[in-house]
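Shown here: protein.pdb, PDB, N, CA and C atoms.
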```pdb
ATOM      1  N   MET A   1     116.167 -36.695  68.266
ATOM      2  CA  MET A   1     116.314 -38.028  67.721
ATOM      3  C   MET A   1     116.215 -37.921  66.205
ATOM      4  N   ALA A   2     117.234 -38.377  65.523
ATOM      5  CA  ALA A   2     117.268 -38.314  64.064
ATOM      6  C   ALA A   2     116.555 -39.515  63.459
ATOM      7  N   GLU A   3     115.811 -39.262  62.388
ATOM      8  CA  GLU A   3     115.106 -40.336  61.699
ATOM      9  C   GLU A   3     116.109 -41.130  60.864
ATOM     10  N   VAL A   4     116.005 -42.450  60.940
ATOM     11  CA  VAL A   4     116.925 -43.333  60.229
ATOM     12  C   VAL A   4     116.186 -43.969  59.055
ATOM     13  N   GLN A   5     116.793 -43.918  57.878
ATOM     14  CA  GLN A   5     116.218 -44.550  56.692
ATOM     15  C   GLN A   5     116.928 -45.873  56.460
ATOM     16  N   GLU A   6     116.172 -46.936  56.341
ATOM     17  CA  GLU A   6     116.716 -48.262  56.066
ATOM     18  C   GLU A   6     116.065 -48.815  54.820
ATOM     19  N   GLU A   7     116.800 -49.626  54.085
ATOM     20  CA  GLU A   7     116.223 -50.306  52.937
ATOM     21  C   GLU A   7     115.352 -51.452  53.447
ATOM     22  N   VAL A   8     114.160 -51.575  52.868
ATOM     23  CA  VAL A   8     113.246 -52.647  53.257
ATOM     24  C   VAL A   8     113.538 -53.850  52.367
ATOM     25  N   PRO A   9     113.878 -54.994  52.965
ATOM     26  CA  PRO A   9     114.223 -56.173  52.168
ATOM     27  C   PRO A   9     113.023 -56.704  51.382
ATOM     28  N   LYS A  10     113.332 -57.379  50.293
ATOM     29  CA  LYS A  10     112.299 -58.005  49.471
ATOM     30  C   LYS A  10     111.503 -58.998  50.325
ATOM     31  N   GLY A  11     110.184 -58.992  50.167
ATOM     32  CA  GLY A  11     109.330 -59.892  50.924
ATOM     33  C   GLY A  11     108.873 -59.322  52.254
ATOM     34  N   SER A  12     109.306 -58.108  52.564
ATOM     35  CA  SER A  12     108.900 -57.439  53.798
ATOM     36  C   SER A  12     108.342 -56.069  53.442
ATOM     37  N   GLU A  13     107.711 -55.413  54.424
ATOM     38  CA  GLU A  13     107.174 -54.076  54.196
ATOM     39  C   GLU A  13     107.323 -53.231  55.450
ATOM     40  N   ALA A  14     107.565 -51.927  55.261
ATOM     41  CA  ALA A  14     107.615 -50.989  56.376
ATOM     42  C   ALA A  14     106.177 -50.714  56.796
ATOM     43  N   VAL A  15     105.866 -50.931  58.081
ATOM     44  CA  VAL A  15     104.473 -50.809  58.527
ATOM     45  C   VAL A  15     104.225 -49.572  59.391
ATOM     46  N   GLY A  16     105.247 -48.902  59.861
ATOM     47  CA  GLY A  16     105.064 -47.698  60.666
ATOM     48  C   GLY A  16     106.166 -47.528  61.687
ATOM     49  N   ARG A  17     106.046 -46.457  62.479
ATOM     50  CA  ARG A  17     107.043 -46.130  63.498
ATOM     51  C   ARG A  17     106.450 -46.085  64.904
ATOM     52  N   ARG A  18     105.116 -46.070  65.020
ATOM     53  CA  ARG A  18     104.470 -45.860  66.319
ATOM     54  C   ARG A  18     103.889 -47.161  66.866
ATOM     55  N   VAL A  19     104.161 -47.401  68.155
ATOM     56  CA  VAL A  19     103.667 -48.599  68.839
ATOM     57  C   VAL A  19     103.007 -48.149  70.137
ATOM     58  N   PRO A  20     101.702 -48.396  70.304
ATOM     59  CA  PRO A  20     101.050 -47.995  71.552
ATOM     60  C   PRO A  20     101.515 -48.859  72.729
ATOM     61  N   LEU A  21     101.717 -48.214  73.866
ATOM     62  CA  LEU A  21     102.069 -48.950  75.078
ATOM     63  C   LEU A  21     100.836 -49.664  75.618
ATOM     64  N   PRO A  22     101.036 -50.748  76.345
ATOM     65  CA  PRO A  22      99.894 -51.414  76.986
ATOM     66  C   PRO A  22      99.195 -50.447  77.946
ATOM     67  N   ARG A  23      97.898 -50.613  78.098
ATOM     68  CA  ARG A  23      97.106 -49.748  78.975
ATOM     69  C   ARG A  23      97.665 -49.792  80.400
ATOM     70  N   GLY A  24      97.904 -48.609  80.959
ATOM     71  CA  GLY A  24      98.374 -48.497  82.335
ATOM     72  C   GLY A  24      99.867 -48.658  82.519
ATOM     73  N   ALA A  25     100.626 -48.808  81.432
ATOM     74  CA  ALA A  25     102.081 -48.996  81.543
ATOM     75  C   ALA A  25     102.738 -47.761  82.151
ATOM     76  N   LYS A  26     103.572 -47.986  83.158
ATOM     77  CA  LYS A  26     104.292 -46.912  83.842
ATOM     78  C   LYS A  26     105.780 -47.247  83.861
ATOM     79  N   PRO A  27     106.628 -46.200  83.940
ATOM     80  CA  PRO A  27     108.066 -46.447  84.038
ATOM     81  C   PRO A  27     108.399 -47.209  85.313
ATOM     82  N   PRO A  28     109.499 -47.924  85.317
ATOM     83  CA  PRO A  28     110.484 -48.007  84.240
ATOM     84  C   PRO A  28     109.992 -48.887  83.090
ATOM     85  N   ILE A  29     110.282 -48.441  81.877
ATOM     86  CA  ILE A  29     109.886 -49.161  80.670
ATOM     87  C   ILE A  29     111.155 -49.570  79.938
ATOM     88  N   THR A  30     111.225 -50.837  79.571
ATOM     89  CA  THR A  30     112.358 -51.356  78.802
ATOM     90  C   THR A  30     111.819 -51.854  77.470
ATOM     91  N   VAL A  31     112.448 -51.428  76.381
ATOM     92  CA  VAL A  31     111.976 -51.755  75.036
ATOM     93  C   VAL A  31     113.023 -52.606  74.331
ATOM     94  N   HIS A  32     112.542 -53.673  73.667
ATOM     95  CA  HIS A  32     113.409 -54.538  72.862
ATOM     96  C   HIS A  32     112.822 -54.673  71.460
ATOM     97  N   VAL A  33     113.677 -54.621  70.457
ATOM     98  CA  VAL A  33     113.293 -54.925  69.078
ATOM     99  C   VAL A  33     114.101 -56.146  68.676
ATOM    100  N   ASN A  34     113.400 -57.221  68.369
ATOM    101  CA  ASN A  34     114.052 -58.493  68.023
ATOM    102  C   ASN A  34     115.019 -58.946  69.114
ATOM    103  N   GLY A  35     114.646 -58.681  70.374
ATOM    104  CA  GLY A  35     115.461 -59.118  71.504
ATOM    105  C   GLY A  35     116.613 -58.204  71.855
ATOM    106  N   VAL A  36     116.788 -57.113  71.115
ATOM    107  CA  VAL A  36     117.892 -56.187  71.363
ATOM    108  C   VAL A  36     117.347 -54.962  72.102
ATOM    109  N   ALA A  37     117.937 -54.643  73.261
ATOM    110  CA  ALA A  37     117.493 -53.497  74.059
ATOM    111  C   ALA A  37     117.652 -52.206  73.259
ATOM    112  N   GLN A  38     116.646 -51.343  73.351
ATOM    113  CA  GLN A  38     116.656 -50.056  72.667
ATOM    114  C   GLN A  38     116.836 -48.954  73.702
ATOM    115  N   LYS A  39     117.420 -47.823  73.277
ATOM    116  CA  LYS A  39     117.672 -46.715  74.190
ATOM    117  C   LYS A  39     116.715 -45.570  73.902
ATOM    118  N   GLN A  40     116.043 -45.108  74.981
ATOM    119  CA  GLN A  40     115.143 -43.971  74.843
ATOM    120  C   GLN A  40     115.953 -42.737  74.478
ATOM    121  N   GLY A  41     115.470 -41.957  73.523
ATOM    122  CA  GLY A  41     116.168 -40.763  73.060
ATOM    123  C   GLY A  41     117.134 -41.044  71.929
ATOM    124  N   VAL A  42     117.506 -42.303  71.761
ATOM    125  CA  VAL A  42     118.399 -42.687  70.662
ATOM    126  C   VAL A  42     117.624 -43.498  69.626
ATOM    127  N   ASP A  43     116.983 -44.570  70.072
ATOM    128  CA  ASP A  43     116.255 -45.467  69.174
ATOM    129  C   ASP A  43     114.757 -45.165  69.117
ATOM    130  N   TYR A  44     114.226 -44.602  70.194
ATOM    131  CA  TYR A  44     112.790 -44.298  70.258
ATOM    132  C   TYR A  44     112.546 -43.160  71.239
ATOM    133  N   GLU A  45     111.362 -42.575  71.127
ATOM    134  CA  GLU A  45     110.895 -41.586  72.091
ATOM    135  C   GLU A  45     109.568 -42.057  72.648
ATOM    136  N   LEU A  46     109.256 -41.623  73.850
ATOM    137  CA  LEU A  46     107.987 -41.941  74.494
ATOM    138  C   LEU A  46     107.114 -40.701  74.384
ATOM    139  N   ARG A  47     105.985 -40.803  73.627
ATOM    140  CA  ARG A  47     105.091 -39.665  73.412
ATOM    141  C   ARG A  47     103.642 -40.100  73.565
ATOM    142  N   ASP A  48     102.915 -39.475  74.473
ATOM    143  CA  ASP A  48     101.473 -39.690  74.628
ATOM    144  C   ASP A  48     101.077 -41.163  74.647
ATOM    145  N   GLY A  49     101.771 -41.962  75.444
ATOM    146  CA  GLY A  49     101.422 -43.372  75.566
ATOM    147  C   GLY A  49     101.835 -44.226  74.388
ATOM    148  N   GLU A  50     102.730 -43.706  73.564
ATOM    149  CA  GLU A  50     103.224 -44.463  72.405
ATOM    150  C   GLU A  50     104.744 -44.440  72.375
ATOM    151  N   LEU A  51     105.303 -45.490  71.811
ATOM    152  CA  LEU A  51     106.720 -45.510  71.472
ATOM    153  C   LEU A  51     106.804 -45.019  70.033
ATOM    154  N   VAL A  52     107.673 -44.050  69.770
ATOM    155  CA  VAL A  52     107.869 -43.555  68.411
ATOM    156  C   VAL A  52     109.325 -43.845  68.053
ATOM    157  N   PHE A  53     109.513 -44.779  67.122
ATOM    158  CA  PHE A  53     110.860 -45.210  66.748
ATOM    159  C   PHE A  53     111.466 -44.276  65.713
ATOM    160  N   ASN A  54     112.795 -44.240  65.669
ATOM    161  CA  ASN A  54     113.490 -43.383  64.709
ATOM    162  C   ASN A  54     113.617 -44.049  63.340
ATOM    163  N   ARG A  55     113.117 -45.265  63.205
ATOM    164  CA  ARG A  55     113.142 -45.984  61.926
ATOM    165  C   ARG A  55     111.829 -46.722  61.750
ATOM    166  N   GLN A  56     111.568 -47.116  60.543
ATOM    167  CA  GLN A  56     110.369 -47.892  60.247
ATOM    168  C   GLN A  56     110.484 -49.293  60.845
ATOM    169  N   ILE A  57     109.378 -49.789  61.352
ATOM    170  CA  ILE A  57     109.308 -51.174  61.801
ATOM    171  C   ILE A  57     108.935 -52.002  60.571
ATOM    172  N   VAL A  58     109.635 -53.101  60.357
ATOM    173  CA  VAL A  58     109.464 -53.909  59.152
ATOM    174  C   VAL A  58     108.837 -55.254  59.523
ATOM    175  N   LYS A  59     107.820 -55.629  58.790
ATOM    176  CA  LYS A  59     107.136 -56.908  58.995
ATOM    177  C   LYS A  59     107.162 -57.697  57.691
ATOM    178  N   GLU A  60     107.139 -59.014  57.828
ATOM    179  CA  GLU A  60     107.133 -59.900  56.670
ATOM    180  C   GLU A  60     105.766 -59.882  55.992
ATOM    181  N   LYS A  61     105.771 -59.873  54.670
ATOM    182  CA  LYS A  61     104.529 -60.029  53.906
ATOM    183  C   LYS A  61     104.362 -61.518  53.630
ATOM    184  N   VAL A  62     103.229 -62.061  54.025
ATOM    185  CA  VAL A  62     102.978 -63.480  53.803
ATOM    186  C   VAL A  62     101.715 -63.593  52.951
ATOM    187  N   GLY A  63     101.921 -63.944  51.683
ATOM    188  CA  GLY A  63     100.795 -64.143  50.777
ATOM    189  C   GLY A  63     100.187 -65.525  50.974
ATOM    190  N   MET A  64      99.090 -65.779  50.273
ATOM    191  CA  MET A  64      98.368 -67.043  50.418
ATOM    192  C   MET A  64      99.251 -68.246  50.069
ATOM    193  N   GLY A  65     100.020 -68.157  48.993
ATOM    194  CA  GLY A  65     100.870 -69.277  48.593
ATOM    195  C   GLY A  65     101.932 -69.601  49.634
ATOM    196  N   ARG A  66     102.579 -68.562  50.158
ATOM    197  CA  ARG A  66     103.618 -68.768  51.170
ATOM    198  C   ARG A  66     102.996 -69.297  52.466
ATOM    199  N   TRP A  67     101.849 -68.738  52.852
ATOM    200  CA  TRP A  67     101.171 -69.189  54.057
ATOM    201  C   TRP A  67     100.813 -70.674  53.936
ATOM    202  N   MET A  68     100.292 -71.083  52.790
ATOM    203  CA  MET A  68      99.885 -72.472  52.579
ATOM    204  C   MET A  68     101.104 -73.408  52.639
ATOM    205  N   ALA A  69     102.206 -72.993  52.037
ATOM    206  CA  ALA A  69     103.421 -73.812  52.067
ATOM    207  C   ALA A  69     103.935 -73.973  53.502
ATOM    208  N   MET A  70     103.874 -72.896  54.301
ATOM    209  CA  MET A  70     104.310 -72.999  55.697
ATOM    210  C   MET A  70     103.344 -73.889  56.482
ATOM    211  N   TYR A  71     102.053 -73.736  56.229
ATOM    212  CA  TYR A  71     101.039 -74.542  56.915
ATOM    213  C   TYR A  71     101.239 -76.025  56.633
ATOM    214  N   LEU A  72     101.582 -76.351  55.388
ATOM    215  CA  LEU A  72     101.800 -77.740  54.998
ATOM    216  C   LEU A  72     103.174 -78.257  55.415
ATOM    217  N   GLY A  73     104.009 -77.368  55.936
ATOM    218  CA  GLY A  73     105.327 -77.771  56.401
ATOM    219  C   GLY A  73     106.330 -77.961  55.279
ATOM    220  N   LEU A  74     106.057 -77.365  54.119
ATOM    221  CA  LEU A  74     106.992 -77.499  53.000
ATOM    222  C   LEU A  74     108.268 -76.706  53.246
ATOM    223  N   PHE A  75     108.122 -75.523  53.815
ATOM    224  CA  PHE A  75     109.280 -74.707  54.168
ATOM    225  C   PHE A  75     108.843 -73.629  55.155
ATOM    226  N   GLY A  76     109.825 -73.064  55.824
ATOM    227  CA  GLY A  76     109.577 -71.971  56.759
ATOM    228  C   GLY A  76     109.826 -70.647  56.074
ATOM    229  N   THR A  77     110.083 -69.647  56.866
ATOM    230  CA  THR A  77     110.333 -68.325  56.303
ATOM    231  C   THR A  77     111.422 -67.640  57.115
ATOM    232  N   TYR A  78     112.251 -66.896  56.445
ATOM    233  CA  TYR A  78     113.373 -66.247  57.110
ATOM    234  C   TYR A  78     113.507 -64.806  56.652
ATOM    235  N   ARG A  79     112.392 -64.158  56.412
ATOM    236  CA  ARG A  79     112.413 -62.757  56.003
ATOM    237  C   ARG A  79     112.435 -61.864  57.236
ATOM    238  N   LYS A  80     112.743 -60.596  57.026
ATOM    239  CA  LYS A  80     112.816 -59.649  58.139
ATOM    240  C   LYS A  80     111.424 -59.432  58.733
ATOM    241  N   HIS A  81     111.332 -59.558  60.052
ATOM    242  CA  HIS A  81     110.067 -59.392  60.762
ATOM    243  C   HIS A  81     110.384 -58.866  62.160
ATOM    244  N   ASP A  82     110.287 -57.541  62.333
ATOM    245  CA  ASP A  82     110.609 -56.928  63.620
ATOM    246  C   ASP A  82     109.549 -57.261  64.659
ATOM    247  N   THR A  83     109.988 -57.589  65.858
ATOM    248  CA  THR A  83     109.112 -57.880  66.978
ATOM    249  C   THR A  83     109.419 -56.890  68.097
ATOM    250  N   ILE A  84     108.390 -56.201  68.584
ATOM    251  CA  ILE A  84     108.545 -55.201  69.632
ATOM    252  C   ILE A  84     108.048 -55.794  70.954
ATOM    253  N   ASP A  85     108.923 -55.837  71.954
ATOM    254  CA  ASP A  85     108.581 -56.325  73.286
ATOM    255  C   ASP A  85     108.840 -55.203  74.291
ATOM    256  N   VAL A  86     107.961 -55.094  75.281
ATOM    257  CA  VAL A  86     108.080 -54.029  76.282
ATOM    258  C   VAL A  86     107.900 -54.607  77.680
ATOM    259  N   GLU A  87     108.837 -54.281  78.572
ATOM    260  CA  GLU A  87     108.708 -54.592  79.988
ATOM    261  C   GLU A  87     108.269 -53.303  80.674
ATOM    262  N   TYR A  88     107.289 -53.411  81.592
ATOM    263  CA  TYR A  88     106.748 -52.214  82.224
ATOM    264  C   TYR A  88     106.155 -52.563  83.581
ATOM    265  N   ARG A  89     105.737 -51.541  84.297
ATOM    266  CA  ARG A  89     105.066 -51.713  85.590
ATOM    267  C   ARG A  89     103.675 -51.094  85.498
ATOM    268  N   LEU A  90     102.803 -51.519  86.409
ATOM    269  CA  LEU A  90     101.475 -50.936  86.552
ATOM    270  C   LEU A  90     101.411 -50.212  87.885
ATOM    271  N   ASP A  91     100.532 -49.214  87.997
ATOM    272  CA  ASP A  91     100.368 -48.488  89.266
ATOM    273  C   ASP A  91     100.064 -49.452  90.401
ATOM    274  N   GLY A  92     100.748 -49.281  91.514
ATOM    275  CA  GLY A  92     100.484 -50.081  92.697
ATOM    276  C   GLY A  92     100.948 -51.522  92.601
ATOM    277  N   ASP A  93     101.716 -51.853  91.585
ATOM    278  CA  ASP A  93     102.174 -53.233  91.378
ATOM    279  C   ASP A  93     103.684 -53.209  91.195
ATOM    280  N   ASP A  94     104.406 -53.908  92.043
ATOM    281  CA  ASP A  94     105.869 -53.922  91.961
ATOM    282  C   ASP A  94     106.394 -54.928  90.951
ATOM    283  N   ARG A  95     105.508 -55.754  90.435
ATOM    284  CA  ARG A  95     105.947 -56.763  89.465
ATOM    285  C   ARG A  95     106.210 -56.132  88.098
ATOM    286  N   THR A  96     107.129 -56.735  87.365
ATOM    287  CA  THR A  96     107.393 -56.324  85.999
ATOM    288  C   THR A  96     106.507 -57.147  85.080
ATOM    289  N   HIS A  97     105.844 -56.476  84.153
ATOM    290  CA  HIS A  97     104.976 -57.134  83.180
ATOM    291  C   HIS A  97     105.653 -57.108  81.820
ATOM    292  N   LEU A  98     105.302 -58.059  80.961
ATOM    293  CA  LEU A  98     105.876 -58.141  79.624
ATOM    294  C   LEU A  98     104.760 -58.181  78.594
ATOM    295  N   ALA A  99     104.861 -57.307  77.607
ATOM    296  CA  ALA A  99     103.963 -57.339  76.446
ATOM    297  C   ALA A  99     104.838 -57.678  75.245
ATOM    298  N   SER A 100     104.478 -58.732  74.538
ATOM    299  CA  SER A 100     105.322 -59.235  73.459
ATOM    300  C   SER A 100     104.654 -59.052  72.100
ATOM    301  N   ASP A 101     105.463 -58.789  71.100
ATOM    302  CA  ASP A 101     105.016 -58.638  69.708
ATOM    303  C   ASP A 101     103.872 -57.630  69.605
ATOM    304  N   LEU A 102     104.123 -56.429  70.103
ATOM    305  CA  LEU A 102     103.112 -55.367  70.089
ATOM    306  C   LEU A 102     102.792 -54.931  68.654
ATOM    307  N   ALA A 103     101.546 -54.515  68.465
ATOM    308  CA  ALA A 103     101.089 -54.064  67.149
ATOM    309  C   ALA A 103     101.702 -52.701  66.823
ATOM    310  N   VAL A 104     101.952 -52.494  65.545
ATOM    311  CA  VAL A 104     102.491 -51.238  65.048
ATOM    312  C   VAL A 104     101.358 -50.471  64.383
ATOM    313  N   LEU A 105     101.248 -49.181  64.724
ATOM    314  CA  LEU A 105     100.223 -48.354  64.113
ATOM    315  C   LEU A 105     100.661 -47.931  62.710
ATOM    316  N   PRO A 106      99.765 -48.010  61.729
ATOM    317  CA  PRO A 106     100.147 -47.601  60.373
ATOM    318  C   PRO A 106     100.405 -46.099  60.311
ATOM    319  N   GLU A 107     101.216 -45.695  59.354
ATOM    320  CA  GLU A 107     101.491 -44.283  59.132
ATOM    321  C   GLU A 107     100.213 -43.565  58.732
ATOM    322  N   SER A 108     100.019 -42.334  59.247
ATOM    323  CA  SER A 108      98.799 -41.600  58.911
ATOM    324  C   SER A 108      98.917 -40.885  57.595
TER     325      SER A 108
END
```
I'd like the structure from this file rewritten - as structure tokens, please.
Amino acid sequence: MAEVQEEVPKGSEAVGRRVPLPRGAKPPITVHVNGVAQKQGVDYELRDGELVFNRQIVKEKVGMGRWMAMYLGLFGTYRKHDTIDVEYRLDGDDRTHLASDLAVLPES
């Protein structure tokens, strides 16, 4: 899997490439970034209970002024903010579970 370099838009920051899977998650695992299905081996790899993406995950930086303006309803925000969602199974359970907006581990 080749590492992909992307420009980080103004107002956002690259926060890392690794996302821990929910405890007990077993295949089949389906991964979505911003609602778009990702392919294992192309977009990410599964290593030691973590998803390792081939690109940085980008999150919006929200300072106090911007947060206050959104809280007061003056305006919203439309900056880049990647959301990682995972569908998975648990041992002994045939149901599909969903974990939404998973945390990204910072780069070491």
- Show which residues sit within 6.5 Å of region 19-23 of chain A, as JSON, numbers by chain. Count all atoms listed in the file, and ignore same-chain residues fewer than 4 positions away. {"A": [49, 50, 51, 52, 53, 102, 103, 104, 105]}
- Task: Could you give me, as a list in words, the residues that sit within 8 Å of (109.1, -59.2, 73.7) in the file's coordinates, counting all atoms listed in the file?
- Result: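 Residues with an atom at most 8 Å from (109.1, -59.2, 73.7): Val31, His32, Val33, Asn34, Gly35, Thr83, Ile84, Asp85, Val86, Glu87, Leu98, Ala99, Ser100, Asp101 and Leu102 of chain A.
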- Query: Which residues come within 6.5 Å of Lys80 (chain A), counting all atoms listed in the file, excluding same-chain residues fewer than 5 positions away, as a list in words?
  - Reply: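 In the requested form, the answer reads Gly11, Ser12, Val58, Lys59 and Glu60 of chain A.
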- Please return as a VMD selection string: the residues of chain A that backbone DSSP assigns to strand (DSSP E or B). chain A and resid 12 to 20 26 to 33 36 to 37 40 44 to 47 50 to 60 84 to 90 93 to 99 105
- Note on the structure: Pairwise distance, CA of Arg55 (chain A) with CA of Thr30 (chain A), equals 17.7 Å
- Message: Based on the backbone DSSP call, show me all residues of region 3-104 of chain A assigned helix (DSSP H, G or I), as a VMD selection string.
- Response: chain A and resid 64 to 71
- For Asp48 (chain A), the nearest of the candidates A:Ala25, A:Ala69, A:Val36, A:Met64, counting only C-alpha atoms: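 Closest residue, counting only C-alpha atoms: A:Ala25.
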If you take every atom of region 15-33 of chain A that the file lists and fit an axis-aligned box around them with 3 Å extra on each side, what centre and edge lengths come out in Å to one decimal, as lines of an AutoDock Vina configuration file?
```
center_x = 105.6
center_y = -51.0
center_z = 71.7
size_x = 23.0
size_y = 16.3
size_z = 33.2
```
- Message: Let me make sure I understand: among A:Glu107, A:Arg95, A:Tyr88, A:Leu72, which one has the smallest atom-to-atom distance to Pro27 (chain A) if we use only C-alpha atoms?
- Response: A:Tyr88
Requested file, region 25-69 of chain A restricted to C-alpha atoms, as a CSV table (one decimal), in the first residue's frame:
```csv
chain,number,residue,atom,x,y,z
A,25,ALA,CA,-14.5,-6.3,16.3
A,26,LYS,CA,-14.2,-9.3,14.0
A,27,PRO,CA,-14.5,-9.6,10.2
A,28,PRO,CA,-16.2,-8.9,8.0
A,29,ILE,CA,-15.2,-5.3,8.5
A,30,THR,CA,-16.4,-2.5,6.3
A,31,VAL,CA,-14.8,0.9,6.5
A,32,HIS,CA,-16.2,4.3,5.3
A,33,VAL,CA,-14.5,7.7,5.3
A,34,ASN,CA,-17.0,10.5,4.9
A,35,GLY,CA,-19.6,7.9,3.8
A,36,VAL,CA,-17.4,6.5,1.0
A,37,ALA,CA,-16.5,2.8,1.2
A,38,GLN,CA,-12.7,2.1,1.5
A,39,LYS,CA,-10.9,-0.9,0.2
A,40,GLN,CA,-8.6,-2.9,2.3
A,41,GLY,CA,-5.1,-3.1,0.8
A,42,VAL,CA,-5.7,0.0,-1.3
A,43,ASP,CA,-7.0,2.7,1.1
A,44,TYR,CA,-6.1,1.1,4.5
A,45,GLU,CA,-4.5,-2.0,6.1
A,46,LEU,CA,-5.7,-3.9,9.1
A,47,ARG,CA,-2.8,-4.2,11.6
A,48,ASP,CA,-2.9,-5.3,15.3
A,49,GLY,CA,-6.5,-4.2,15.9
A,50,GLU,CA,-6.0,-0.9,14.1
A,51,LEU,CA,-6.9,0.5,10.7
A,52,VAL,CA,-3.8,2.1,9.1
A,53,PHE,CA,-4.8,4.5,6.3
A,54,ASN,CA,-2.5,5.3,3.3
A,55,ARG,CA,-3.2,9.0,3.9
A,56,GLN,CA,-3.5,11.4,6.8
A,57,ILE,CA,-7.0,11.8,8.3
A,58,VAL,CA,-7.9,15.5,8.4
A,59,LYS,CA,-10.0,17.2,11.1
A,60,GLU,CA,-11.3,20.7,11.4
A,61,LYS,CA,-9.6,23.1,13.8
A,62,VAL,CA,-12.2,24.9,15.8
A,63,GLY,CA,-10.9,27.8,17.9
A,64,MET,CA,-12.8,29.6,20.6
A,65,GLY,CA,-14.0,32.4,18.3
A,66,ARG,CA,-15.4,30.0,15.7
A,67,TRP,CA,-16.9,27.7,18.3
A,68,MET,CA,-18.7,30.6,20.0
A,69,ALA,CA,-20.0,31.9,16.6
```
